[in-house]
file work-v7.txt (compact mmCIF, C-alpha atoms)
# COMPACT_ATOMS: atom_id res chain seq x y z
CA MET H 1 -35.30 5.81 11.63
CA PRO H 2 -36.59 9.44 11.58
CA GLU H 3 -39.90 10.21 9.93
CA LYS H 4 -39.84 11.39 6.33
CA VAL H 5 -40.12 15.17 6.05
CA VAL H 6 -42.89 16.41 3.76
CA PRO H 7 -43.62 19.93 2.55
CA GLY H 8 -45.50 22.01 5.11
CA PRO H 9 -45.08 23.71 8.49
CA VAL H 10 -42.36 22.36 10.76
CA GLU H 11 -41.96 22.77 14.51
CA ASP H 12 -38.23 22.96 15.11
CA ALA H 13 -36.20 24.38 17.97
CA CYS H 14 -33.58 25.69 15.53
CA GLY H 15 -35.98 28.14 13.97
CA VAL H 16 -37.08 26.14 10.92
CA ARG H 17 -40.69 27.11 10.19
CA GLU H 18 -41.49 25.20 7.02
CA ALA H 19 -40.21 22.58 4.59
CA VAL H 20 -40.72 23.62 0.97
CA CYS H 21 -40.11 21.92 -2.37
CA ILE H 22 -38.03 24.04 -4.76
CA HIS H 23 -36.88 23.60 -8.34
CA THR H 24 -33.19 24.31 -8.73
CA ARG H 25 -29.97 22.99 -10.23
CA LYS H 26 -28.27 20.28 -8.20
CA ILE H 27 -24.52 19.82 -8.62
CA TYR H 28 -23.84 16.11 -9.11
CA ASP H 29 -20.09 16.27 -9.61
CA SER H 30 -17.38 18.88 -9.92
CA CYS H 31 -13.62 19.21 -10.19
CA ARG H 32 -10.99 21.91 -10.13
CA ASP H 33 -7.78 22.15 -12.10
CA LYS H 34 -4.55 24.10 -12.14
CA ASP H 35 -3.31 23.58 -15.69
CA CYS H 36 0.19 24.54 -16.81
CA ILE H 37 -0.34 24.71 -20.58
CA GLU H 38 3.02 24.40 -22.31
CA ASP H 39 3.88 24.97 -26.00
CA LEU H 40 0.60 26.68 -26.83
CA ARG H 41 0.65 28.01 -30.39
CA PHE H 42 0.30 31.80 -30.69
CA TYR H 43 -1.58 33.02 -33.79
CA PRO H 44 -0.67 36.68 -34.30
CA LYS H 45 -2.58 39.26 -36.25
CA LEU H 46 -1.26 39.65 -39.79
CA GLN H 47 0.02 43.15 -39.08
CA TYR H 48 2.49 41.74 -36.51
CA VAL H 49 3.98 38.91 -38.60
CA ASP H 50 6.81 41.08 -39.90
CA VAL H 51 7.62 42.24 -36.36
CA ILE H 52 7.84 38.63 -35.17
CA ASN H 53 10.10 37.65 -38.07
CA ARG H 54 12.52 40.44 -37.07
CA ALA H 55 12.24 39.94 -33.32
CA LEU H 56 15.24 38.85 -31.29
CA SER H 57 13.11 37.64 -28.38
CA VAL H 58 9.63 37.84 -26.89
CA LYS H 59 8.47 38.19 -23.33
CA GLY H 60 5.19 37.32 -21.70
CA GLY H 61 2.50 39.93 -21.35
CA THR H 62 -1.15 39.41 -20.52
CA ALA H 63 -3.87 36.95 -21.51
CA ASP H 64 -7.63 37.43 -21.50
CA LEU H 65 -10.04 34.51 -21.58
CA LEU H 66 -12.55 35.36 -24.31
CA TYR H 67 -14.82 32.33 -24.37
CA VAL H 68 -15.07 28.64 -23.44
CA TYR H 69 -16.95 26.28 -25.77
CA VAL H 70 -18.40 23.38 -23.76
CA ASP H 71 -19.80 20.08 -25.04
CA VAL H 72 -21.25 17.20 -22.98
CA GLU H 73 -21.45 13.60 -24.20
CA PRO H 74 -22.29 10.39 -22.29
CA VAL H 75 -19.58 7.81 -21.65
CA ASN H 76 -20.73 4.59 -23.34
CA PHE H 77 -18.93 2.13 -21.08
CA ASN H 78 -19.82 3.82 -17.79
CA ARG H 79 -23.45 4.81 -17.28
CA GLY H 80 -24.08 8.04 -15.49
CA PHE H 81 -20.70 9.52 -16.44
CA TYR H 82 -20.13 12.18 -19.10
CA THR H 83 -17.21 13.70 -20.92
CA VAL H 84 -16.98 17.48 -20.78
CA ASP H 85 -14.97 18.79 -23.72
CA MET H 86 -13.84 22.40 -23.43
CA ARG H 87 -12.09 24.74 -25.84
CA PHE H 88 -10.61 27.89 -24.34
CA PHE H 89 -10.07 30.93 -26.57
CA TYR H 90 -7.51 33.49 -25.35
CA SER H 91 -6.50 36.93 -26.49
CA VAL H 92 -2.79 37.16 -25.69
CA THR H 93 -0.59 40.25 -25.73
CA LEU H 94 3.22 39.82 -25.86
CA GLN H 95 6.24 42.10 -25.98
CA ALA H 96 8.51 41.56 -29.02
CA TYR H 97 12.05 42.92 -28.82
CA THR H 98 13.69 43.92 -32.10
CA SER H 99 16.84 45.98 -32.63
CA CYS H 100 15.06 48.98 -31.11
CA PRO H 101 15.31 49.33 -27.33
CA ALA H 102 11.55 49.74 -26.90
CA PRO H 103 9.52 46.52 -27.30
CA VAL H 104 6.66 46.21 -29.77
CA THR H 105 3.32 44.98 -28.44
CA VAL H 106 1.90 42.12 -30.53
CA GLU H 107 -1.55 40.62 -30.14
CA GLY H 108 -2.88 37.24 -31.16
CA LEU H 109 -5.03 34.20 -30.44
CA CYS H 110 -4.32 31.04 -28.44
CA VAL H 111 -6.58 27.98 -28.24
CA PHE H 112 -6.50 25.31 -25.54
CA ASP H 113 -8.50 22.04 -25.52
CA LYS H 114 -9.34 20.26 -22.29
CA ARG H 115 -11.45 17.25 -21.28
CA ALA H 116 -12.92 16.13 -17.97
CA ILE H 117 -15.04 13.10 -17.04
CA LEU H 118 -17.64 13.70 -14.34
CA PHE H 119 -20.67 11.94 -12.88
CA GLY H 120 -23.96 13.48 -13.94
CA SER H 121 -26.51 10.76 -13.10
CA GLU H 122 -29.09 9.49 -15.59
CA GLY H 123 -32.29 10.90 -16.95
CA SER H 124 -34.60 9.87 -19.77
CA ALA H 125 -37.60 12.13 -19.23
CA LYS H 126 -38.59 14.62 -21.93
CA ILE H 127 -38.89 18.06 -20.42
CA PHE H 128 -41.45 20.56 -21.74
CA SER H 129 -41.92 24.14 -20.62
CA SER H 130 -44.40 26.93 -21.31
CA LYS H 131 -41.72 29.59 -20.94
CA TYR H 132 -42.30 32.40 -23.40
CA ARG H 133 -39.61 33.34 -25.90
CA SER H 134 -39.72 36.82 -27.32
CA GLY H 135 -40.04 36.91 -31.10
CA GLU H 136 -40.91 33.20 -31.40
CA PRO H 137 -44.22 31.32 -31.61
CA ASP H 138 -45.89 30.81 -28.24
CA ILE H 139 -45.42 27.05 -28.14
CA PRO H 140 -44.06 24.81 -25.38
CA MET H 141 -40.31 24.41 -25.52
CA LEU H 142 -38.95 20.88 -25.86
CA ARG H 143 -35.60 19.97 -24.37
CA ARG H 144 -34.47 17.45 -26.94
CA SER H 145 -31.95 15.73 -24.70
CA ASN H 146 -31.91 15.29 -20.96
CA LEU H 147 -28.16 15.63 -20.58
CA PRO H 148 -26.73 17.37 -17.52
CA GLU H 149 -25.53 20.92 -18.04
CA ALA H 150 -21.82 21.59 -17.76
CA VAL H 151 -20.70 24.84 -16.16
CA VAL H 152 -17.10 26.04 -16.47
CA GLU H 153 -15.72 28.78 -14.26
CA ALA H 154 -12.29 30.14 -15.11
CA VAL H 155 -10.18 33.22 -14.49
CA ASP H 156 -7.84 34.97 -16.89
CA PRO H 157 -4.66 32.88 -17.18
CA ILE H 158 -1.12 33.90 -16.29
CA VAL H 159 1.46 34.13 -19.07
CA LEU H 160 4.39 32.11 -17.71
CA ASP H 161 6.69 31.97 -20.74
CA ALA H 162 6.99 32.89 -24.42
CA ARG H 163 9.60 31.91 -27.00
CA ILE H 164 10.26 32.11 -30.73
CA VAL H 165 10.73 28.92 -32.79
CA GLU H 166 11.81 28.73 -36.43
CA ASN H 167 9.01 27.35 -38.56
CA GLY H 168 11.15 24.60 -40.08
CA CYS H 169 12.30 23.35 -36.67
CA ARG H 170 8.90 22.16 -35.60
CA ARG H 171 6.09 20.45 -37.47
CA ASP H 172 3.10 19.99 -35.24
CA CYS H 173 -0.64 20.17 -35.71
CA ASP H 174 -1.98 23.69 -35.91
CA CYS H 175 -5.33 24.90 -34.78
CA ASP H 176 -7.51 25.38 -37.85
CA LEU H 177 -8.54 29.02 -37.74
CA CYS H 178 -11.62 28.09 -39.77
CA GLU H 179 -12.98 26.49 -36.58
CA VAL H 180 -12.67 29.71 -34.61
CA PRO H 181 -16.13 31.27 -34.12
CA ALA H 182 -16.77 34.49 -35.99
CA PHE H 183 -17.38 36.49 -32.82
CA ILE H 184 -13.94 35.43 -31.51
CA SER H 185 -12.23 36.63 -34.70
CA GLU H 186 -14.09 39.93 -34.45
CA CYS H 187 -12.48 40.57 -31.06
CA PHE H 188 -9.11 41.14 -32.77
CA ASN H 189 -10.23 43.79 -35.29
CA GLY H 190 -8.10 42.19 -37.99
CA GLU H 191 -7.20 38.95 -39.74
CA LEU H 192 -5.18 36.33 -37.89
CA CYS H 193 -2.17 34.56 -39.38
CA GLY H 194 -2.91 30.90 -40.04
CA GLY H 195 0.61 29.42 -40.34
CA ASP H 196 2.39 30.91 -43.35
CA ASP H 197 4.80 32.85 -41.16
CA SER H 198 8.48 31.86 -41.14
CA ARG H 199 8.70 31.96 -37.35
CA ARG H 200 6.29 30.88 -34.67
CA ILE H 201 5.71 31.78 -31.03
CA TYR H 202 4.85 29.25 -28.36
CA ILE H 203 3.72 30.33 -24.92
CA THR H 204 3.05 28.75 -21.55
CA LEU H 205 -0.12 29.67 -19.65
CA GLY H 206 -1.23 28.96 -16.11
CA GLN H 207 -4.99 28.36 -15.99
CA PHE H 208 -7.25 27.89 -12.96
CA SER H 209 -10.70 26.41 -13.64
CA ILE H 210 -13.69 24.72 -12.00
CA VAL H 211 -15.95 22.33 -13.92
CA ARG H 212 -19.26 20.97 -12.67
CA LEU H 213 -22.27 19.00 -13.95
CA GLU H 214 -25.73 20.18 -12.94
CA ARG H 215 -29.28 18.88 -13.40
CA ASP H 216 -32.68 20.39 -12.79
CA SER H 217 -33.96 18.85 -9.55
CA GLN H 218 -36.77 19.22 -7.05
CA LEU H 219 -35.34 19.48 -3.56
CA LEU H 220 -36.92 19.70 -0.13
CA VAL H 221 -35.27 22.48 1.87
CA PRO H 222 -35.91 24.05 5.28
CA VAL H 223 -37.31 27.59 5.43
CA TYR H 224 -36.66 29.86 8.38
CA ASP H 225 -38.73 32.86 7.32
CA TYR H 226 -39.38 35.18 4.41
CA CYS H 227 -36.30 37.09 3.32
CA MET H 228 -37.20 40.71 3.97
CA PRO H 229 -34.59 43.37 3.09
CA GLU H 230 -33.51 45.37 6.10
CA LYS H 231 -32.10 48.53 4.47
CA GLU H 232 -34.12 51.19 2.73
CA CYS H 233 -33.71 52.00 -0.94
CA SER H 234 -31.57 55.05 -1.62
CA CYS H 235 -32.63 57.58 -4.21
CA GLY H 236 -29.03 57.72 -5.45
CA SER H 237 -28.79 61.51 -5.48
CA THR H 238 -28.26 64.32 -2.99
CA ASP H 239 -28.28 68.08 -3.08
CA ASP H 240 -24.89 68.26 -1.40
CA PRO H 241 -22.21 66.23 -3.26
CA CYS H 242 -19.72 66.87 -0.45
CA CYS H 243 -22.12 65.24 1.99
CA LEU H 244 -22.28 62.19 -0.24
CA PHE H 245 -18.48 62.09 -0.48
CA ARG H 246 -18.09 62.28 3.31
CA ASN H 247 -20.26 59.17 3.66
CA ILE H 248 -17.90 57.11 1.51
CA ALA H 249 -15.45 55.03 3.55
CA PHE H 250 -11.78 55.83 3.06
CA PRO H 251 -10.22 53.18 0.75
CA VAL H 252 -7.42 52.09 3.05
CA GLY H 253 -6.82 48.92 1.03
CA GLU H 254 -5.89 50.98 -2.03
CA PHE H 255 -2.96 52.60 -0.20
CA PHE H 256 -1.61 49.77 1.98
CA PRO H 257 -1.11 46.04 1.34
CA PRO H 258 -3.43 43.72 3.29
CA ASN H 259 -2.10 42.48 6.59
CA THR H 260 -2.50 38.74 6.18
CA VAL H 261 0.03 37.74 8.84
CA SER H 262 -1.78 36.58 11.98
CA LEU H 263 -0.14 37.03 15.35
CA PRO H 264 0.73 33.86 17.28
CA GLU H 265 -1.35 32.93 20.29
CA ASP H 266 1.58 33.51 22.69
CA TYR H 267 2.46 36.89 21.15
CA GLU H 268 1.61 38.93 24.25
CA GLU H 269 3.47 36.53 26.54
CA ALA H 270 6.58 36.61 24.35
CA LYS H 271 6.44 40.42 24.16
CA ASN H 272 6.32 40.72 27.96
CA PHE H 273 9.20 38.27 28.29
CA CYS H 274 11.38 40.31 25.92
CA ALA H 275 10.54 43.45 27.83
CA CYS H 276 11.74 41.83 31.04
CA CYS H 277 15.00 40.74 29.41
CA ARG H 278 15.83 44.31 28.44
CA LYS H 279 15.60 45.54 32.06

call {"tool": "encode", "arguments": {"input": "work-v7.txt", "output": "structure tokens"}}
result
Amino acid sequence: MPEKVVPGPVEDACGVREAVCIHTRKIYDSCRDKDCIEDLRFYPKLQYVDVINRALSVKGGTADLLYVYVDVEPVNFNRGFYTVDMRFFYSVTLQAYTSCPAPVTVEGLCVFDKRAILFGSEGSAKIFSSKYRSGEPDIPMLRRSNLPEAVVEAVDPIVLDARIVENGCRRDCDCDLCEVPAFISECFNGELCGGDDSRRIYITLGQFSIVRLERDSQLLVPVYDYCMPEKECSCGSTDDPCCLFRNIAFPVGEFFPPNTVSLPEDYEEAKNFCACCRK
């Protein structure tokens, strides 16, 4: 069994010079999802309710992920595991088609709830810190609970479908707009419709996300050397703007699509064979 590595200098042929103890966040568990969210209720701004009531059809537009509320709670029957409850808030823009040829752009809110169960280990220690907080008394901070921290990474979703449904044809639970945070409502610059409209819009979103549970940990890691920057700092200005422009690389990728097709290994051999066949 190899000897236990302790912090300090290390003689290693691979270039490791020292083993150091660092304080960082260790990922205990993570998952990724590709959610197809069907029949997601669309809450339009009040100014667009009349347009929706007169619309013949709607088509998908764009969706922006505004915020994700995350809550972590331990699983009682399985120690070390935690539920991660997430609520996604979207700003969705759709195209409503009325009797006029040109569509009308309507904007509204969509809310999606999601849950994941991940392993986050156990911890019962009370953590104190002397970190200073501006504008608050200079007292040690107490972390009241030693739960792992959930981190959610997500990209803006894809609007896959949108359709109009008569209000009387469907009676399902609506998202209570009273539970929407104030800063989310302020993103729409207007009041949202809470369900008194005669017609409703349901959309389908495609959402990619990564969820992970992290804990503060002390880890022993190898150190090769100090990380010294190699390039010099630029002053960011020049007397000759044309000289600065000439140093900028030409943006080829903005004019041509990327060439992602790789040539086969026997490409040259096949090309020579075809050349011989033509003779």

call {"tool": "closest_residue", "arguments": {"input": "work-v7.txt", "among": "H:Gly108, H:Pro157, H:Pro229, H:Pro241", "to": "Phe188 of chain H", "atoms": "only C-alpha atoms"}}
result
H:Gly108

call {"tool": "closest_residue", "arguments": {"input": "work-v7.txt", "among": "H:Ala249, H:Leu220, H:Ala154, H:Met86", "to": "His23 of chain H", "atoms": "all atoms listed in the file"}}
result
H:Leu220

call {"tool": "closest_residue", "arguments": {"input": "work-v7.txt", "among": "H:Glu122, H:Asp50, H:Glu214, H:Asp161", "to": "Asn78 of chain H", "atoms": "all atoms listed in the file"}}
result
H:Glu122

call {"tool": "closest_residue", "arguments": {"input": "work-v7.txt", "among": "H:Val58, H:Leu46, H:Val223, H:Leu213", "to": "Cys14 of chain H", "atoms": "all atoms listed in the file"}}
result
H:Val223

call {"tool": "closest_residue", "arguments": {"input": "work-v7.txt", "among": "H:Ser57, H:Asn189, H:Thr62, H:Gln47", "to": "Leu160 of chain H", "atoms": "all atoms listed in the file"}}
result
H:Thr62

call {"tool": "residues_around", "arguments": {"input": "work-v7.txt", "residues": "Tyr90 of chain H", "least_positions_apart": "3", "cutoff": "7 Å", "atoms": "all atoms listed in the file", "output": "ChimeraX atom specification"}}
result
/H:63-66,109-111

call {"tool": "residues_around", "arguments": {"input": "work-v7.txt", "residues": "Pro181 of chain H", "least_positions_apart": "5", "cutoff": "10 Å", "atoms": "only C-alpha atoms", "output": "PyMOL selection string"}}
result
chain H and resi 67+69+89+186

call {"tool": "atom_distance", "arguments": {"input": "work-v7.txt", "atom1": "atom CA of Tyr28 of chain H", "atom2": "atom CA of Arg215 of chain H"}}
result
7.5 Å

call {"tool": "axis_aligned_box", "arguments": {"input": "work-v7.txt", "around": "segment 116-120 of chain H", "padding_each_side": "8 Å", "output": "JSON"}}
result
{"center_x": -18.4, "center_y": 14.0, "center_z": -15.4, "size_x": 27.0, "size_y": 20.2, "size_z": 21.1}

call {"tool": "residues_around", "arguments": {"input": "work-v7.txt", "residues": "segment 206-212 of chain H", "least_positions_apart": "4", "cutoff": "9 Å", "atoms": "all atoms listed in the file", "output": "CSV table (one decimal) with C-alpha atoms, in the frame of the given file"}}
result
chain,number,residue,atom,x,y,z
H,27,ILE,CA,-24.5,19.8,-8.6
H,28,TYR,CA,-23.8,16.1,-9.1
H,29,ASP,CA,-20.1,16.3,-9.6
H,30,SER,CA,-17.4,18.9,-9.9
H,31,CYS,CA,-13.6,19.2,-10.2
H,32,ARG,CA,-11.0,21.9,-10.1
H,33,ASP,CA,-7.8,22.2,-12.1
H,34,LYS,CA,-4.6,24.1,-12.1
H,35,ASP,CA,-3.3,23.6,-15.7
H,36,CYS,CA,0.2,24.5,-16.8
H,37,ILE,CA,-0.3,24.7,-20.6
H,38,GLU,CA,3.0,24.4,-22.3
H,84,VAL,CA,-17.0,17.5,-20.8
H,116,ALA,CA,-12.9,16.1,-18.0
H,118,LEU,CA,-17.6,13.7,-14.3
H,120,GLY,CA,-24.0,13.5,-13.9
H,149,GLU,CA,-25.5,20.9,-18.0
H,150,ALA,CA,-21.8,21.6,-17.8
H,151,VAL,CA,-20.7,24.8,-16.2
H,152,VAL,CA,-17.1,26.0,-16.5
H,153,GLU,CA,-15.7,28.8,-14.3
H,154,ALA,CA,-12.3,30.1,-15.1
H,155,VAL,CA,-10.2,33.2,-14.5
H,156,ASP,CA,-7.8,35.0,-16.9
H,157,PRO,CA,-4.7,32.9,-17.2
H,158,ILE,CA,-1.1,33.9,-16.3
H,159,VAL,CA,1.5,34.1,-19.1
H,160,LEU,CA,4.4,32.1,-17.7

call {"tool": "atom_distance", "arguments": {"input": "work-v7.txt", "atom1": "atom CA of Ala182 of chain H", "atom2": "atom CA of Lys59 of chain H"}}
result
28.5 Å

call {"tool": "closest_residue", "arguments": {"input": "work-v7.txt", "among": "H:Val106, H:Leu40, H:Val75, H:Ile184", "to": "Thr93 of chain H", "atoms": "all atoms listed in the file"}}
result
H:Val106

call {"tool": "atom_distance", "arguments": {"input": "work-v7.txt", "atom1": "atom CA of Arg200 of chain H", "atom2": "atom CA of Ala96 of chain H"}}
result
12.3 Å

call {"tool": "residues_around", "arguments": {"input": "work-v7.txt", "residues": "Pro74 of chain H", "least_positions_apart": "6", "cutoff": "7 Å", "atoms": "only C-alpha atoms", "output": "list in words"}}
result
Phe81, Tyr82 and Thr83 of chain H
